[in-house]
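Asks: The following file, final.cif, comprises mmCIF, C-alpha atoms:
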data_input
#
loop_
_atom_site.label_atom_id
_atom_site.label_comp_id
_atom_site.auth_asym_id
_atom_site.auth_seq_id
_atom_site.Cartn_x
_atom_site.Cartn_y
_atom_site.Cartn_z
CA MET R 16 95.86 -77.36 168.31
CA ASN R 17 94.74 -79.72 165.62
CA LEU R 18 91.04 -80.31 165.35
CA PHE R 19 91.71 -83.71 163.88
CA SER R 20 94.85 -85.72 163.97
CA LEU R 21 95.04 -87.00 160.45
CA ALA R 22 98.45 -85.47 159.94
CA ALA R 23 99.83 -88.93 159.77
CA LEU R 24 98.52 -89.05 156.19
CA THR R 25 101.43 -86.96 155.07
CA GLY R 26 103.93 -87.54 157.78
CA THR R 27 105.47 -84.21 157.06
CA SER R 28 104.30 -82.26 160.04
CA GLU R 29 104.75 -82.44 163.77
CA ALA R 30 101.28 -80.85 164.01
CA VAL R 31 102.47 -78.36 166.57
CA SER R 32 101.15 -75.03 165.43
CA GLN R 33 103.65 -72.28 165.60
CA VAL R 34 103.88 -69.12 163.62
CA GLY R 35 105.97 -69.64 160.52
CA LEU R 36 105.66 -73.38 160.68
CA LYS R 37 104.74 -75.18 157.51
CA LEU R 38 101.76 -77.47 158.00
CA GLY R 39 101.16 -80.82 156.37
CA LEU R 40 99.76 -81.09 152.88
CA VAL R 41 96.62 -82.93 153.93
CA GLU R 42 96.15 -81.94 157.50
CA PRO R 43 92.72 -81.13 158.84
CA ASN R 44 92.91 -78.29 161.36
CA TRP R 45 91.23 -75.08 162.45
CA THR R 46 91.43 -73.76 158.92
CA PHE R 47 88.45 -75.99 158.13
CA VAL R 48 86.24 -74.07 160.56
CA PHE R 49 87.61 -70.73 159.45
CA GLN R 50 87.03 -71.46 155.80
CA ILE R 51 83.43 -72.56 156.35
CA ALA R 52 82.83 -69.40 158.37
CA ASN R 53 84.57 -67.28 155.71
CA THR R 54 82.47 -68.78 152.94
CA LEU R 55 79.25 -68.22 154.85
CA ILE R 56 80.22 -64.64 155.64
CA LEU R 57 81.17 -63.99 152.04
CA PHE R 58 77.89 -65.57 150.93
CA LEU R 59 75.80 -63.39 153.24
CA ILE R 60 77.64 -60.22 152.30
CA LEU R 61 77.57 -60.88 148.56
CA LYS R 62 73.91 -61.82 148.72
CA LYS R 63 73.08 -58.55 150.40
CA LEU R 64 75.56 -56.39 148.56
CA LEU R 65 75.70 -57.85 145.07
CA PHE R 66 73.17 -60.47 144.07
CA LYS R 67 70.00 -59.14 145.59
CA PRO R 68 70.33 -55.48 144.55
CA VAL R 69 71.65 -56.24 141.07
CA THR R 70 68.97 -58.86 140.38
CA GLU R 71 66.26 -56.57 141.69
CA PHE R 72 67.59 -53.63 139.74
CA MET R 73 67.77 -55.61 136.52
CA ALA R 74 64.27 -57.01 137.05
CA LYS R 75 62.99 -53.51 137.68
CA ARG R 76 64.71 -52.16 134.61
CA GLN R 77 63.36 -55.01 132.52
CA GLU R 78 59.89 -54.26 133.83
CA GLY R 79 60.40 -50.60 133.01
CA ILE R 80 61.49 -51.42 129.48
CA GLU R 81 58.54 -53.76 129.02
CA ASN R 82 56.19 -51.07 130.28
CA SER R 83 57.73 -48.53 127.94
CA LEU R 84 57.34 -50.89 125.01
CA LYS R 85 53.74 -51.60 125.93
CA ASP R 86 53.12 -47.90 126.30
CA ALA R 87 54.62 -47.20 122.92
CA GLU R 88 52.50 -49.94 121.39
CA ASN R 89 49.38 -48.47 122.92
CA LYS R 90 50.31 -45.05 121.64
CA ASN R 91 50.86 -46.49 118.19
CA LEU R 92 47.45 -48.13 118.26
CA GLU R 93 45.91 -44.86 119.39
CA ALA R 94 47.66 -42.99 116.62
CA GLU R 95 46.48 -45.51 114.06
CA GLU R 96 42.96 -45.14 115.34
CA LEU R 97 43.24 -41.38 115.09
CA ILE R 98 44.58 -41.65 111.56
CA ALA R 99 41.66 -43.88 110.63
CA GLN R 100 39.30 -41.38 112.18
CA TYR R 101 40.87 -38.54 110.29
CA HIS R 102 40.71 -40.50 107.06
CA GLU R 103 37.05 -41.10 107.64
CA LYS R 104 36.51 -37.45 108.37
CA ILE R 105 38.38 -36.44 105.26
CA ASN R 106 36.35 -38.84 103.17
CA GLN R 107 33.20 -37.51 104.74
CA SER R 108 34.23 -33.95 103.97
CA LYS R 109 35.05 -34.95 100.43
CA SER R 110 31.64 -36.47 99.85
CA GLU R 111 30.03 -33.49 101.52
CA GLY R 112 31.94 -31.21 99.22
CA MET R 113 30.88 -33.27 96.23
CA GLU R 114 27.29 -33.03 97.38
CA ILE R 115 27.55 -29.29 97.76
CA ILE R 116 29.12 -28.96 94.33
CA ARG R 117 26.40 -31.13 92.85
CA LEU R 118 23.67 -29.05 94.49
CA MET R 119 25.30 -25.84 93.42
CA THR R 120 25.71 -27.07 89.88
CA LYS R 121 22.06 -28.07 89.79
CA GLU R 122 21.01 -24.74 91.17
CA ALA R 123 23.23 -22.91 88.73
CA GLU R 124 21.84 -24.96 85.91
CA GLY R 125 18.31 -24.05 86.97
CA HIS R 126 19.32 -20.45 87.24
CA GLY R 127 20.92 -20.52 83.83
CA ALA R 128 17.86 -22.09 82.29
CA SER R 129 15.65 -19.38 83.71
CA ILE R 130 18.07 -16.73 82.47
CA VAL R 131 18.01 -18.29 79.02
CA LYS R 132 14.23 -18.43 79.11
CA ALA R 133 14.03 -14.82 80.12
CA ALA R 134 16.47 -13.89 77.40
CA GLU R 135 14.47 -15.85 74.88
CA ALA R 136 11.32 -14.11 76.00
CA GLU R 137 13.06 -10.77 75.73
CA ALA R 138 14.35 -11.67 72.29
CA GLU R 139 10.86 -12.70 71.23
CA LYS R 140 9.49 -9.42 72.47
CA ILE R 141 12.18 -7.47 70.64
CA LYS R 142 11.56 -9.51 67.52
CA ASN R 143 7.82 -8.91 67.66
CA HIS R 144 8.42 -5.27 68.22
CA ALA R 145 10.77 -5.18 65.27
CA ILE R 146 8.25 -6.99 63.09
CA LEU R 147 5.59 -4.49 64.08
CA GLU R 148 7.95 -1.63 63.37
CA ILE R 149 8.81 -3.06 60.00
CA GLU R 150 5.13 -3.49 59.24
CA ARG R 151 4.43 0.07 60.15
CA GLU R 152 7.38 1.36 58.17
CA ARG R 153 6.25 -0.64 55.20
CA GLU R 154 2.74 0.74 55.47
CA LYS R 155 4.14 4.20 55.77
CA ALA R 156 6.34 3.66 52.74
CA ILE R 157 3.45 2.29 50.73
CA ASN R 158 1.31 5.19 51.69
CA SER R 159 3.91 7.76 50.77
CA LEU R 160 4.61 5.88 47.55
CA LYS R 161 0.93 5.85 46.76
CA GLU R 162 0.85 9.57 47.42
CA GLU R 163 3.79 10.29 45.19
CA VAL R 164 2.65 8.04 42.41
CA SER R 165 -0.78 9.56 42.42
CA GLU R 166 0.78 12.97 42.34
CA MET R 167 3.03 12.02 39.47
CA ILE R 168 0.20 10.43 37.53
CA LEU R 169 -1.89 13.46 38.11
CA MET R 170 0.88 15.73 36.91
CA THR R 171 1.54 13.54 33.88
CA ALA R 172 -2.07 13.22 33.06
CA SER R 173 -2.71 16.93 33.39
CA LYS R 174 0.26 17.61 31.23
CA LEU R 175 -0.84 15.11 28.69
CA ILE R 176 -4.39 16.20 28.33
CA GLU R 177 -3.67 19.78 29.16
CA LYS R 178 -6.96 19.98 30.52
CA ASP R 179 -7.84 21.57 33.69
CA LEU R 180 -9.06 18.92 35.77
CA ASN R 181 -10.88 19.28 38.90
CA ASP R 182 -8.08 18.60 41.23
CA GLU R 183 -9.98 17.13 44.03
CA ASP R 184 -12.16 14.81 42.00
CA HIS R 185 -9.28 13.39 40.03
CA LYS R 186 -7.13 12.84 42.97
CA ILE R 187 -9.80 10.74 44.57
CA LEU R 188 -10.30 8.85 41.36
CA ILE R 189 -6.63 8.10 40.88
CA LYS R 190 -6.11 7.15 44.47
CA LYS R 191 -8.95 4.75 44.25
CA PHE R 192 -7.45 3.23 41.15
CA ILE R 193 -3.92 2.96 42.52
CA GLY R 194 -5.21 1.67 45.74
CA GLU R 195 -6.99 -1.11 43.95
CA VAL R 196 -3.96 -1.90 41.76
CA GLY R 197 -1.41 -1.46 44.54
CA ASP R 198 -3.27 -3.46 47.05
CA SER R 199 -3.63 -6.40 44.80
CA LYS R 200 0.06 -6.09 43.80
CA TRP R 201 1.57 -5.56 47.34
CA GLN R 202 -0.59 -8.05 48.94
CA ASN R 203 0.80 -10.99 47.20
CA MET M 30 110.73 -76.21 150.45
CA GLU M 31 111.46 -78.12 153.59
CA GLY M 32 108.36 -79.48 155.29
CA GLY M 33 106.49 -80.21 152.10
CA PHE M 34 103.94 -78.05 150.32
CA GLY M 35 101.53 -77.32 153.16
CA PRO M 36 100.34 -73.85 154.18
CA ILE M 37 102.38 -71.80 156.61
CA VAL M 38 100.92 -70.61 159.88
CA ALA M 39 100.72 -66.83 159.60
CA PHE M 40 99.84 -65.97 163.20
CA GLU M 41 97.94 -67.24 166.16
CA ILE M 42 94.85 -65.98 167.97
CA PHE M 43 94.44 -67.37 171.46
CA GLY M 44 96.56 -70.27 170.45
CA ILE M 45 94.49 -70.98 167.33
CA PRO M 46 96.78 -70.99 164.32
CA ILE M 47 95.75 -68.83 161.38
CA THR M 48 97.32 -70.14 158.21
CA GLN M 49 98.19 -68.54 154.90
CA THR M 50 95.04 -70.13 153.55
CA VAL M 51 92.84 -68.10 155.86
CA THR M 52 94.70 -64.83 155.35
CA THR M 53 94.60 -65.20 151.58
CA THR M 54 90.89 -65.96 151.86
CA TRP M 55 90.39 -62.78 153.85
CA PHE M 56 92.28 -60.85 151.23
CA ILE M 57 90.11 -62.30 148.45
CA MET M 58 86.97 -61.60 150.49
CA ALA M 59 88.03 -58.02 151.03
CA ILE M 60 88.61 -57.49 147.31
CA VAL M 61 85.33 -59.12 146.29
CA ILE M 62 83.33 -57.18 148.87
CA LEU M 63 85.03 -53.90 147.96
CA LEU M 64 84.38 -54.44 144.25
CA SER M 65 80.75 -55.38 144.90
CA TYR M 66 80.31 -52.31 147.05
CA LEU M 67 81.84 -50.03 144.44
CA ALA M 68 79.87 -51.61 141.60
CA THR M 69 76.48 -51.41 143.30
CA ARG M 70 76.95 -48.16 145.21
CA LYS M 71 74.62 -46.24 142.95
CA PHE M 72 72.59 -47.79 140.20
CA GLU M 73 71.99 -46.11 136.91
CA LYS M 74 69.54 -47.06 134.21
CA ASN M 75 72.31 -46.94 131.68
CA PRO M 76 75.00 -49.07 133.35
CA LYS M 77 78.61 -47.83 133.38
CA ASN M 78 81.78 -49.92 133.67
CA ALA M 79 81.63 -51.33 137.19
CA GLN M 80 77.86 -51.72 137.26
CA ASN M 81 78.03 -53.34 133.85
CA MET M 82 80.52 -55.90 135.10
CA ALA M 83 78.40 -56.62 138.16
CA GLU M 84 75.33 -57.02 136.00
CA ILE M 85 77.11 -59.38 133.63
CA VAL M 86 78.42 -61.49 136.52
CA VAL M 87 75.08 -61.64 138.33
CA ASP M 88 73.13 -62.23 135.14
CA THR M 89 75.46 -65.04 134.05
CA ILE M 90 75.23 -66.73 137.45
CA ASN M 91 71.45 -66.32 137.55
CA GLY M 92 71.21 -67.78 134.05
CA LEU M 93 73.49 -70.67 134.94
CA THR M 94 71.49 -71.46 138.06
CA ARG M 95 68.19 -71.16 136.23
CA GLN M 96 69.43 -73.42 133.46
CA THR M 97 70.86 -76.08 135.76
CA MET M 98 68.48 -76.07 138.72
CA GLY M 99 65.32 -74.68 137.20
CA GLU M 100 63.41 -71.46 137.70
CA ALA M 101 62.00 -72.70 141.04
CA ASN M 102 65.49 -72.96 142.57
CA ILE M 103 66.72 -69.55 141.48
CA GLY M 104 67.12 -68.77 145.19
CA PHE M 105 70.34 -70.78 145.17
CA ALA M 106 71.94 -68.31 142.77
CA PRO M 107 73.63 -66.14 145.45
CA TYR M 108 75.29 -69.15 147.09
CA ILE M 109 76.26 -70.63 143.73
CA GLY M 110 77.64 -67.25 142.71
CA THR M 111 79.62 -66.89 145.93
CA LEU M 112 81.00 -70.38 145.41
CA ILE M 113 82.12 -69.82 141.83
CA ILE M 114 83.57 -66.36 142.52
CA PHE M 115 85.41 -67.47 145.62
CA ILE M 116 86.80 -70.69 144.14
CA ALA M 117 87.79 -69.04 140.87
CA LEU M 118 89.60 -66.17 142.62
CA SER M 119 91.22 -68.60 145.06
CA ASN M 120 92.53 -70.72 142.20
CA ILE M 121 93.80 -67.67 140.34
CA ALA M 122 95.56 -66.38 143.48
CA GLY M 123 98.66 -68.32 142.39
CA LEU M 124 99.10 -65.81 139.57
CA PHE M 125 99.69 -63.08 142.13
CA GLY M 126 102.21 -65.08 144.09
CA LEU M 127 99.75 -66.06 146.80
CA ARG M 128 99.19 -69.59 147.95
CA PRO M 129 95.71 -70.54 146.64
CA PRO M 130 93.30 -71.14 149.54
CA THR M 131 91.92 -74.04 147.54
CA ALA M 132 95.33 -75.70 147.74
CA ASP M 133 94.40 -76.45 151.34
CA VAL M 134 92.29 -79.51 151.95
CA ASN M 135 90.53 -77.69 154.79
CA THR M 136 89.09 -75.17 152.36
CA THR M 137 87.97 -77.64 149.74
CA MET M 138 86.58 -80.09 152.27
CA GLY M 139 84.82 -77.24 154.05
CA LEU M 140 83.13 -76.27 150.81
CA ALA M 141 82.38 -79.89 149.99
CA ILE M 142 80.85 -80.49 153.43
CA MET M 143 78.65 -77.44 152.91
CA THR M 144 77.49 -78.88 149.60
CA PHE M 145 76.91 -82.21 151.35
CA LEU M 146 74.80 -80.57 154.04
CA MET M 147 72.88 -78.63 151.41
CA ILE M 148 72.14 -81.80 149.44
CA HIS M 149 70.63 -83.56 152.45
CA PHE M 150 68.99 -80.56 154.07
CA PHE M 151 67.18 -79.43 150.93
CA GLY M 152 66.48 -83.03 149.89
CA ALA M 153 64.77 -83.70 153.22
CA LYS M 154 63.06 -80.33 153.12
CA SER M 155 61.45 -80.83 149.72
CA LYS M 156 60.52 -84.52 150.12
CA GLY M 157 59.87 -84.68 153.84
CA VAL M 158 62.29 -86.28 156.27
CA LEU M 159 60.84 -89.80 156.31
CA PRO M 160 60.33 -90.21 152.56
CA TYR M 161 63.83 -88.83 152.08
CA MET M 162 65.28 -91.37 154.52
CA LYS M 163 63.36 -94.10 152.74
CA GLY M 164 65.20 -93.10 149.59
CA PHE M 165 68.31 -94.71 151.09
CA LEU M 166 66.53 -98.06 151.08
CA GLU M 167 66.02 -97.94 147.32
CA PRO M 168 65.89 -100.11 145.32
CA PHE M 169 65.91 -102.50 148.31
CA ALA M 170 66.85 -102.33 151.97
CA ALA M 171 70.06 -104.32 151.72
CA LEU M 172 71.62 -101.52 149.69
CA LEU M 173 71.49 -99.11 152.64
CA PRO M 174 75.23 -99.29 153.42
CA LEU M 175 76.09 -98.82 149.77
CA ASN M 176 73.77 -95.84 149.50
CA ILE M 177 75.26 -94.23 152.58
CA MET M 178 78.76 -94.81 151.30
CA GLY M 179 77.76 -93.33 147.97
CA GLU M 180 76.44 -90.23 149.68
CA LEU M 181 79.59 -89.91 151.78
CA ALA M 182 81.72 -90.31 148.69
CA THR M 183 80.17 -87.23 147.14
CA PRO M 184 81.81 -84.59 149.36
CA ILE M 185 85.08 -86.49 149.45
CA SER M 186 85.31 -86.66 145.68
CA LEU M 187 84.17 -83.05 145.40
CA GLY M 188 86.68 -81.76 147.92
CA PHE M 189 89.66 -83.80 146.81
CA ARG M 190 89.08 -83.17 143.10
CA LEU M 191 89.42 -79.46 143.64
CA PHE M 192 92.22 -79.80 146.16
CA GLY M 193 94.17 -82.26 144.00
CA ASN M 194 93.97 -80.14 140.90
CA ILE M 195 95.10 -76.98 142.63
CA ILE M 196 97.77 -78.50 144.86
CA GLY M 197 99.07 -80.34 141.81
CA GLY M 198 99.52 -77.01 140.07
CA VAL M 199 101.16 -75.50 143.15
CA ILE M 200 103.60 -78.39 143.49
CA ILE M 201 104.50 -78.41 139.82
CA MET M 202 105.00 -74.66 139.78
CA ASN M 203 107.15 -74.89 142.93
CA LEU M 204 109.24 -77.65 141.39
CA LEU M 205 109.57 -75.67 138.16
CA TYR M 206 110.69 -72.53 139.97
CA GLY M 207 113.20 -74.58 141.99
CA ALA M 208 114.48 -76.28 138.89
CA LEU M 209 114.80 -73.01 136.99
CA ALA M 210 116.69 -71.44 139.91
CA GLY M 211 119.07 -74.39 140.04
CA LEU M 212 119.45 -74.34 136.27
CA THR M 213 120.34 -70.65 136.26
CA THR M 214 123.12 -71.24 138.76
CA LYS M 215 124.40 -74.27 136.89
CA LEU M 216 124.26 -72.94 133.34
CA ILE M 217 124.95 -69.26 133.74
CA GLY M 218 126.77 -69.36 137.03
CA ILE M 219 124.99 -66.53 138.83
CA ASN M 220 122.74 -66.76 141.84
CA ILE M 221 120.00 -64.61 140.36
CA PRO M 222 117.32 -66.95 138.93
CA ILE M 223 117.00 -65.22 135.55
CA LEU M 224 115.46 -68.28 133.95
CA GLN M 225 112.44 -67.89 136.22
CA VAL M 226 111.42 -64.91 134.11
CA GLY M 227 108.91 -65.67 131.40
CA ILE M 228 109.35 -69.41 131.16
CA PRO M 229 106.77 -70.35 133.84
CA ALA M 230 104.16 -68.04 132.32
CA LEU M 231 102.68 -70.68 130.04
CA LEU M 232 102.34 -73.16 132.90
CA HIS M 233 100.80 -70.46 135.05
CA VAL M 234 98.21 -69.87 132.36
CA TYR M 235 97.42 -73.56 132.28
CA PHE M 236 97.47 -74.42 136.00
CA ASP M 237 96.15 -71.20 137.49
CA LEU M 238 93.87 -69.77 134.81
CA PHE M 239 92.65 -72.73 132.79
CA ALA M 240 92.57 -75.48 135.42
CA GLY M 241 91.58 -73.00 138.12
CA ILE M 242 88.54 -71.62 136.34
CA LEU M 243 87.59 -75.03 135.00
CA GLN M 244 87.73 -76.56 138.50
CA SER M 245 85.69 -73.74 140.02
CA PHE M 246 83.10 -74.30 137.33
CA ILE M 247 83.11 -78.08 137.88
CA PHE M 248 82.73 -77.75 141.66
CA THR M 249 79.85 -75.31 141.28
CA MET M 250 78.13 -77.31 138.54
CA LEU M 251 78.34 -80.50 140.60
CA THR M 252 76.95 -78.73 143.65
CA MET M 253 74.01 -77.46 141.58
CA VAL M 254 73.38 -80.86 140.01
CA PHE M 255 73.57 -82.77 143.30
CA VAL M 256 71.31 -80.35 145.11
CA SER M 257 68.73 -80.23 142.35
CA ILE M 258 68.72 -84.03 142.05
CA ALA M 259 68.11 -84.26 145.80
CA ILE M 260 65.27 -81.75 145.56
CA GLU M 261 63.51 -83.41 142.64
#
Any chance you could put this one into structure tokens?

Replies:
Amino acid sequence: MNLFSLAALTGTSEAVSQVGLKLGLVEPNWTFVFQIANTLILFLILKKLLFKPVTEFMAKRQEGIENSLKDAENKNLEAEELIAQYHEKINQSKSEGMEIIRLMTKEAEGHGASIVKAAEAEAEKIKNHAILEIEREREKAINSLKEEVSEMILMTASKLIEKDLNDEDHKILIKKFIGEVGDSKWQN
Amino acid sequence: MEGGFGPIVAFEIFGIPITQTVTTTWFIMAIVILLSYLATRKFEKNPKNAQNMAEIVVDTINGLTRQTMGEANIGFAPYIGTLIIFIALSNIAGLFGLRPPTADVNTTMGLAIMTFLMIHFFGAKSKGVLPYMKGFLEPFAALLPLNIMGELATPISLGFRLFGNIIGGVIIMNLLYGALAGLTTKLIGINIPILQVGIPALLHVYFDLFAGILQSFIFTMLTMVFVSIAIE
């Protein structure tokens, strides 16, 4: 049954294959063919069952992870862009706000100035009015004073001279006199 | 131990003897195939135990092949992986009381012949048949016989290196077990080989685990190197 007859190398075997017989240590036989076939079968099965699917699966997973990472990177970039945009918008709003405040302030200032002007004008008017009033009051006071003084002088004079004076004539006379004196005295 | 250290014929099919070597190989094949099937039955993105192991094994073998043979020859990875898994498990079989299939010259020479065929087939395929044949005339024509002998020496050295290492371990372990059995009877006086317990463990670790895995690695590495040299 030996494929080769190299059993002589060991000299331990009769090379007659029987079940339970111990073969030679270095004895080429059918086992050679069986082992090559076994190895090839194992190779084909492992290739199909283990190496190909596992390699493919790992490659796919690696690809998936790479894609996820790339995706995340893109999303990050997008987010950064958005943040930049928002910053710009915020800055824009800020400057807009500043502009509005500036305009408003200016307007308010203008408004205030006009109010002040109006108030000043009003005050001026009131002052003028008051001055006029004072003038009139003064005139009135002078007149009544003149009246009283002339009356008193007349009374004093009539008492002093005890002479019946023509009331009307004297009054005119005295008034004229006082008026002359008073005018020059009041009108400094 | 009568009849030497050869494999025993387990049974016959149509007069063809099936030895221990072949039956142990079938056993190893069955285990490897079953484990591969279980590990790759359903893939998950987040690998669990079995799938994790399968991924580590496949990734390591792919990396080894890529590193040794280059990215272009990554297609050899499944064969290289089969080789290293089969040889390593065969060498370790001694730990489980089986006769290592690699302790049979038919196994190791079968593997070596396959490497030999691969070297020349892929060499001729990548360079073209005629330029490849011309390579045997380098550096000059008179060296043709030497070149051919050198090429023939490759599978012989490959096959017998593995065989010698493993059969050496088998023989030494057999002798040790025999000696320990005899020693038990002599020293203690009982026919139960108590001394066989524990004492051979260290040698098992060396011959079966260390030498076994180292030799499977060497065989596979040499196959990769020879094939990639032939291709380049």

Asks: May I have a table of the residues of chain M lying at most 6 Å from chain R, giving each one's closest pair of atoms and their distance in Å to one decimal, counting all atoms listed in the file, ordered by chain and ascending residue number, as a tab-separated table?

Replies:
residue	atom	partner	partner_atom	distance
M:Gly32	CA	R:Thr27	CA	5.8
M:Phe34	CA	R:Leu40	CA	5.8
M:Gly35	CA	R:Leu40	CA	4.2
M:Pro36	CA	R:Leu38	CA	5.5
M:Ile37	CA	R:Lys37	CA	4.2
M:Val38	CA	R:Val34	CA	5.0
M:Ala39	CA	R:Val34	CA	5.6
M:Phe40	CA	R:Val34	CA	5.1
M:Ser65	CA	R:Leu65	CA	5.6
M:Pro107	CA	R:Lys62	CA	5.4
M:Tyr108	CA	R:Phe58	CA	5.9
M:Thr111	CA	R:Phe58	CA	5.5
M:Val134	CA	R:Val41	CA	5.9
M:Asn135	CA	R:Phe47	CA	4.3
M:Thr136	CA	R:Gln50	CA	5.5
M:Gly139	CA	R:Ile51	CA	5.4

Asks: Please indicate the distance in Å from CA of Gln96 (chain M) to CA of Ile80 (chain R), rounded to one decimal place.

Replies: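 Atom-to-atom, CA of Gln96 (chain M) and CA of Ile80 (chain R) are spaced 23.7 Å apart.
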
Asks: Do you have the CA of Glu71 (chain R)-CA of Leu93 (chain M) distance handy?

Replies: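 Between these atoms lies a distance of 17.2 Å.
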
Asks: Using CA of Ile189 (chain R) and CA of Leu175 (chain R) as the two end points, give the distance in Å to one decimal.

Replies: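 CA of Leu175 (chain R) lies 15.2 Å from CA of Ile189 (chain R).
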
Asks: To verify the selection step, state as a ChimeraX atom specification which residues the PyMOL selection byres ((chain M and resi 232) around 12) yields on this input.

Replies: /M:123-124,197-206,225,227-231,233-241

Asks: Determine the residue membership of the PyMOL selection byres ((chain M and resi 260) around 7) for the file above and supply it as a ChimeraX atom specification.

Replies: /M:151-152,155,256-259,261

Asks: Apply the PyMOL selection byres ((chain M and resi 55) around 12) to the structure shown and report the selected residues as a list in words.

Replies: Phe49, Gln50, Ala52, Asn53, Thr54, Ile56 and Leu57 of chain R; Ile47, Thr48, Gln49, Thr50, Val51, Thr52, Thr53, Thr54, Phe56, Ile57, Met58, Ala59, Ile60, Val61, Ile62, Leu63, Phe115, Leu118, Ser119, Pro129 and Pro130 of chain M

Asks: Skipping near chain neighbours, those fewer than 5 positions away, what residues fall within 7 Å of Ile195 (chain M) using all atoms listed in the file, listed as a count of residues only?

Replies: 4

Asks: Give me the residues near Gln244 (chain M) as a list in words, where near means some atom within 8 Å (using all atoms listed in the file) and where sequence neighbours in that chain fewer than 4 positions away do not count.

Replies: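 Close residues of Gln244 (chain M): Ala117, Leu191, Asn194, Ala240 and Phe248 of chain M.
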